[in-house]
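Just below is one structure, and these are the notes that go with it.
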Protein chains: 2
Amino acid sequence: MSNKRSAINLGSRRDEAGMAANGRDEAIYRNLYAAIVENYLAPGTKLPEDTLAETFGVSRTSIRKVLQRLAYQRLVDIRLNRGASVAQPTVKEAQDVFAARRIVECGVMPQVVARATPAQLDALRDIVKREHDAADRGDRRESIYLSGEFHVQLARLADNESIGEFLAGLVSRSSLVIATYGAPMAGSCPHSEHDDVLSLIAAGDAEGAQAWMDRHLRDVERSVVPVEEEVGEADLRKILDAVATRHRRER
Amino acid sequence: MSNKRSAINLGSRRDEAGMAANGRDEAIYRNLYAAIVENYLAPGTKLPEDTLAETFGVSRTSIRKVLQRLAYQRLVDIRLNRGASVAQPTVKEAQDVFAARRIVECGVMPQVVARATPAQLDALRDIVKREHDAADRGDRRESIYLSGEFHVQLARLADNESIGEFLAGLVSRSSLVIATYGAPMAGSCPHSEHDDVLSLIAAGDAEGAQAWMDRHLRDVERSVVPVEEEVGEADLRKILDAVATRHRRER
DNA sequence: TAGAACTCGTTTGTGCACAATTCAACTGTT
DNA sequence: AACAGTTGAATTGTGCACAAACGAGTTCTA
């Protein structure tokens, strides 16, 4: 019996743009994307082409295309002749991502306040509600997902596709940052005061909404990337210290 | 004699990140990128894989990779089973690009003002000088390139790689917008008052620099995308009118 | 026994061949 | 003469096979 055809489920939909992508490739992309962003695959996990090809029941050609797309989004890291692995953001990258989010999410606020309709705000309130529900029942994964979704959908109210896509990329990378550095407890937005900003927007207070978002994102960043130290270095030093100790003891 | 080996020149360098990229692929990418952004290839130009493969003396496999990378940047448009062509931004896309630039380039100003060193400002002044030289001798292509380079390098002073790459993409798409809609005369920044913002930055005036940039980008946008009308529709109507006229006359 | 060089298995890079699709021109019918 | 259906060349999509590179384990040497 062949070991093919163990294909995972296949979601349809498509929101890509300008890229050639048939349905099957798109489904594979979405699966891998979700697996990485929702932290089913830990940062650093190797992603061998053969394994993926067999898992999804396609040839390496399709897998390669998907991996390169993910690499372009900085969700996977492809090194020459060494294949792909789930990206591990450095501390600097993590800081850059959050700084970029502050610029973008605060920058769109005037447009958002000017254009947001009551119906759109209701849709956002629904996301917040589901986010709270997920948090209440301890579903951290769903809670983080909905938290990110809130930020993305909020920004999309500015009706700017370039900005929307860019922020979506930043939010997905934030998930990787949380997976890499985040404390096991913390995760989504603290106490998730997302409702507050909706009130400010509904009141037409653009500056207030901007200030709220800036503070909110700084809070999130602080709760996720608390340490200033370079992790790779720290590990290396720790290892070398351990080796030296053992060596000293054993002689 | 074979028709291979007519390879165009090959620039070295590399500034990509996180992507696997062989030196040769990188050279091909840079060539195509420059050809599109510097308007050697008009928007809408078809880019057949075979032709490109023979031109660069490689197989279609490499070309495909490069085309998909360019598609991701929205510089080429790939449609299923129909191949790639140089992207033709719609009016909405053009507006989004400039709106995004306003958000980003104004948003980085505080960081830029806080971090910029005299040496870095001198390097920017040099770009402005070369931009003026190019404009004086009527080299529109170089002048546009240096104008974009100024904006990108200025933003990079904020030392945020995510933002830097995003803006670089927006600027390259701006070139496509200019090529698609721009008046043959207009092009780079009007009168290129780029020196002015450097003075504001040197003086530590973040708010002034922000205001300058906002005004500047609005000016550029107005000089490039003046018409509000939907071009595709207008063309279609024009064509149908012409057909109807001819038809009427010929019967 | 420590260290260096070598070999082999595994994984990735690349070109090629065949299948599928599109677009255009042609033919036949009304 | 207009239109629909069909055929064929050109172009893209996809899988496969071979070449190249990496890394781990082994062997050889000092």
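Just so we're on the same page: first chain in the structure tokens is A, next is B, and so on; residues restart at 1 for each chain, and ligands are numbered from 1 in the order they show up.
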Subject >> Distance query stretch 11-16 of chain D at most 12 Å, only C-alpha atoms (C1' of nucleotides), self and fewer than 2 positions along chain excluded, as a ChimeraX atom specification >> reply: /A:20-22,25,53,58-63,65 /B:46-51,60-61,64,78-84 /C:14-23 /D:9,18
**OP:** Go through stretch 13-249 of chain A and collect every residue that DSSP, computed from the backbone, puts in helix (DSSP H, G or I); the answer should be as a PyMOL selection string.
**Re:** chain A and resi 23-37+49-56+60-72+91-107+109-115+118-136+140-156+161-181+190-192+194-202+206-224+231-249
Subject >> Residue list for chain C near chain A as a list in words, 8 Å, only C-alpha atoms (C1' of nucleotides) >> reply: DT11, DT12 and DG13 of chain C
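With only C-alpha atoms (C1' of nucleotides) taken into account, the protein and nucleic acid residues at most 10 Å from A:His216 (excluding it and anything under 5 positions from it in its own chain) are A:Arg102, A:Cys189, A:Pro190, A:Ser192, A:Glu193, A:His194, A:Val197, A:Gln210, A:Ala211, A:Glu221, A:Arg222.
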Keeping only N, CA and C atoms, take the residues you just selected and write them out as a short mmCIF file (atom, residue, chain, number, x, y, z; two decimals), in the first residue's frame.
```cif
data_model
loop_
_atom_site.label_atom_id
_atom_site.label_comp_id
_atom_site.auth_asym_id
_atom_site.auth_seq_id
_atom_site.Cartn_x
_atom_site.Cartn_y
_atom_site.Cartn_z
N ARG A 102 3.27 49.76 15.91
CA ARG A 102 2.85 51.04 16.51
C ARG A 102 2.69 52.09 15.42
N CYS A 189 -3.60 39.95 24.38
CA CYS A 189 -3.48 41.28 24.94
C CYS A 189 -3.90 41.26 26.41
N PRO A 190 -3.17 41.98 27.25
CA PRO A 190 -3.39 41.91 28.70
C PRO A 190 -4.81 42.35 29.04
N SER A 192 -7.16 42.12 27.74
CA SER A 192 -7.91 42.35 26.51
C SER A 192 -8.92 43.49 26.64
N GLU A 193 -8.38 44.67 26.75
CA GLU A 193 -9.25 45.85 26.88
C GLU A 193 -9.64 46.37 25.51
N HIS A 194 -9.77 45.45 24.58
CA HIS A 194 -10.01 45.87 23.21
C HIS A 194 -11.29 46.68 23.05
N VAL A 197 -11.03 50.77 22.94
CA VAL A 197 -10.68 51.56 21.76
C VAL A 197 -11.88 51.70 20.84
N GLN A 210 -5.53 56.85 18.93
CA GLN A 210 -4.11 56.71 18.63
C GLN A 210 -3.31 56.47 19.91
N ALA A 211 -3.58 57.32 20.90
CA ALA A 211 -2.84 57.21 22.17
C ALA A 211 -3.10 55.86 22.82
N GLU A 221 4.03 44.44 23.99
CA GLU A 221 5.44 44.15 23.73
C GLU A 221 6.16 43.87 25.04
N ARG A 222 5.89 44.66 26.05
CA ARG A 222 6.57 44.48 27.33
C ARG A 222 6.24 43.11 27.92
#
```
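Atom CA of A:Asp219 is found 22.5 Å from atom CA of A:Ile163.
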Tell me the residues of chain A close to chain B, meaning within 9 Å using only C-alpha atoms, as a compact mmCIF listing (two decimals) with N, CA and C atoms, in the first residue's frame.
```txt
# COMPACT_ATOMS: atom_id res chain seq x y z
N ALA A 17 -3.48 37.81 -3.57
CA ALA A 17 -3.75 38.78 -4.63
C ALA A 17 -2.54 38.90 -5.53
N GLY A 18 -2.79 38.81 -6.80
CA GLY A 18 -1.69 39.01 -7.75
C GLY A 18 -0.79 37.82 -7.88
N MET A 19 -0.99 36.80 -7.06
CA MET A 19 -0.15 35.64 -7.17
C MET A 19 -0.90 34.53 -7.89
N ALA A 20 -0.21 33.76 -8.66
CA ALA A 20 -0.84 32.58 -9.24
C ALA A 20 -0.93 31.53 -8.15
N ALA A 21 -2.07 30.95 -7.94
CA ALA A 21 -2.17 29.95 -6.89
C ALA A 21 -3.41 29.11 -7.15
N ASN A 22 -3.22 27.86 -7.48
CA ASN A 22 -4.39 27.03 -7.66
C ASN A 22 -4.91 26.58 -6.31
N LYS A 65 7.12 25.86 -3.68
CA LYS A 65 6.47 27.14 -3.94
C LYS A 65 5.89 27.70 -2.63
N GLN A 68 8.58 28.93 -0.21
CA GLN A 68 9.18 30.22 -0.57
C GLN A 68 8.24 31.37 -0.28
N ARG A 69 6.96 31.11 -0.44
CA ARG A 69 6.00 32.15 -0.10
C ARG A 69 6.06 32.45 1.39
N ALA A 71 8.60 31.94 3.28
CA ALA A 71 9.89 32.56 3.56
C ALA A 71 9.83 34.05 3.30
N TYR A 72 9.12 34.42 2.24
CA TYR A 72 9.03 35.82 1.92
C TYR A 72 8.32 36.57 3.03
N ARG A 74 8.64 35.87 6.07
CA ARG A 74 9.47 35.71 7.26
C ARG A 74 8.88 34.74 8.27
N VAL A 76 9.01 31.34 7.67
CA VAL A 76 9.99 30.26 7.65
C VAL A 76 11.31 30.82 7.15
N ASP A 77 12.34 30.12 7.49
CA ASP A 77 13.69 30.54 7.14
C ASP A 77 14.27 29.50 6.20
N ILE A 78 14.67 29.92 5.00
CA ILE A 78 15.27 28.98 4.05
C ILE A 78 16.74 29.32 3.89
N ARG A 79 17.59 28.37 4.19
CA ARG A 79 19.02 28.59 4.00
C ARG A 79 19.51 27.70 2.86
N LEU A 80 20.43 28.24 2.09
CA LEU A 80 20.89 27.56 0.88
C LEU A 80 21.38 26.15 1.18
N ASN A 81 20.82 25.19 0.49
CA ASN A 81 21.21 23.78 0.63
C ASN A 81 20.93 23.20 2.01
N GLY A 83 17.61 23.76 3.46
CA GLY A 83 16.18 23.59 3.62
C GLY A 83 15.50 24.63 4.49
N ALA A 87 10.67 29.99 11.35
CA ALA A 87 11.53 31.12 11.69
C ALA A 87 11.63 31.32 13.20
N LYS A 92 15.96 41.75 18.17
CA LYS A 92 15.87 42.94 17.34
C LYS A 92 14.69 42.88 16.38
N GLU A 93 14.52 41.72 15.75
CA GLU A 93 13.38 41.58 14.85
C GLU A 93 12.08 41.76 15.60
N GLN A 95 11.51 43.47 18.29
CA GLN A 95 11.31 44.89 18.58
C GLN A 95 10.88 45.65 17.34
N ASP A 96 11.51 45.34 16.21
CA ASP A 96 11.14 46.00 14.96
C ASP A 96 9.69 45.75 14.61
N VAL A 97 9.26 44.51 14.80
CA VAL A 97 7.88 44.18 14.46
C VAL A 97 6.91 45.02 15.29
N ALA A 99 7.54 47.86 16.86
CA ALA A 99 7.68 49.27 16.51
C ALA A 99 6.93 49.57 15.21
N ALA A 100 7.03 48.65 14.27
CA ALA A 100 6.32 48.84 13.00
C ALA A 100 4.82 48.83 13.24
N ARG A 102 3.27 49.76 15.91
CA ARG A 102 2.85 51.04 16.51
C ARG A 102 2.69 52.09 15.42
N ILE A 103 3.66 52.16 14.53
CA ILE A 103 3.58 53.18 13.47
C ILE A 103 2.34 52.97 12.62
N VAL A 104 2.13 51.72 12.20
CA VAL A 104 1.03 51.46 11.28
C VAL A 104 -0.32 51.58 11.97
N CYS A 106 -1.23 53.02 14.75
CA CYS A 106 -1.58 54.38 15.16
C CYS A 106 -1.82 55.25 13.93
N GLY A 107 -1.03 55.00 12.90
CA GLY A 107 -1.14 55.84 11.70
C GLY A 107 -2.47 55.71 10.98
N VAL A 108 -3.08 54.54 11.05
CA VAL A 108 -4.34 54.37 10.33
C VAL A 108 -5.54 54.93 11.11
N ASP A 159 -9.41 50.79 4.85
CA ASP A 159 -9.62 50.49 3.44
C ASP A 159 -8.38 50.74 2.61
N ASN A 160 -7.26 50.26 3.11
CA ASN A 160 -5.99 50.38 2.37
C ASN A 160 -5.35 48.99 2.31
N GLU A 161 -5.35 48.42 1.10
CA GLU A 161 -4.94 47.02 0.99
C GLU A 161 -3.46 46.83 1.31
N SER A 162 -2.62 47.75 0.86
CA SER A 162 -1.19 47.64 1.16
C SER A 162 -0.96 47.59 2.66
N ILE A 163 -1.58 48.53 3.35
CA ILE A 163 -1.45 48.58 4.81
C ILE A 163 -2.03 47.33 5.44
N PHE A 166 0.29 44.37 4.99
CA PHE A 166 1.51 44.55 5.76
C PHE A 166 1.25 44.26 7.24
N LEU A 170 2.72 41.50 9.93
CA LEU A 170 3.33 41.85 11.21
C LEU A 170 2.66 41.11 12.36
```
**OP:** Using DSSP on the backbone coordinates, identify all residues within stretch 14-221 of chain B classified as strand (DSSP E); present the result as a ChimeraX atom specification.
**Re:** /B:46-47,76-79,83-86
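Taking atom CA of A:Tyr29 and atom CA of A:Leu41 as the two end points, the separation is 14.1 Å.
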Original post:
How many Å separate atom CA of B:Val224 from atom CA of B:Gly182?
Top reply: 4.7 Å
Subject >> For B:Gly204: contacts at 12 Å, only C-alpha atoms (C1' of nucleotides), fewer than 4 positions along chain excluded, given as a VMD selection string >> reply: chain B and resid 109 to 118 197 to 200 208 to 210
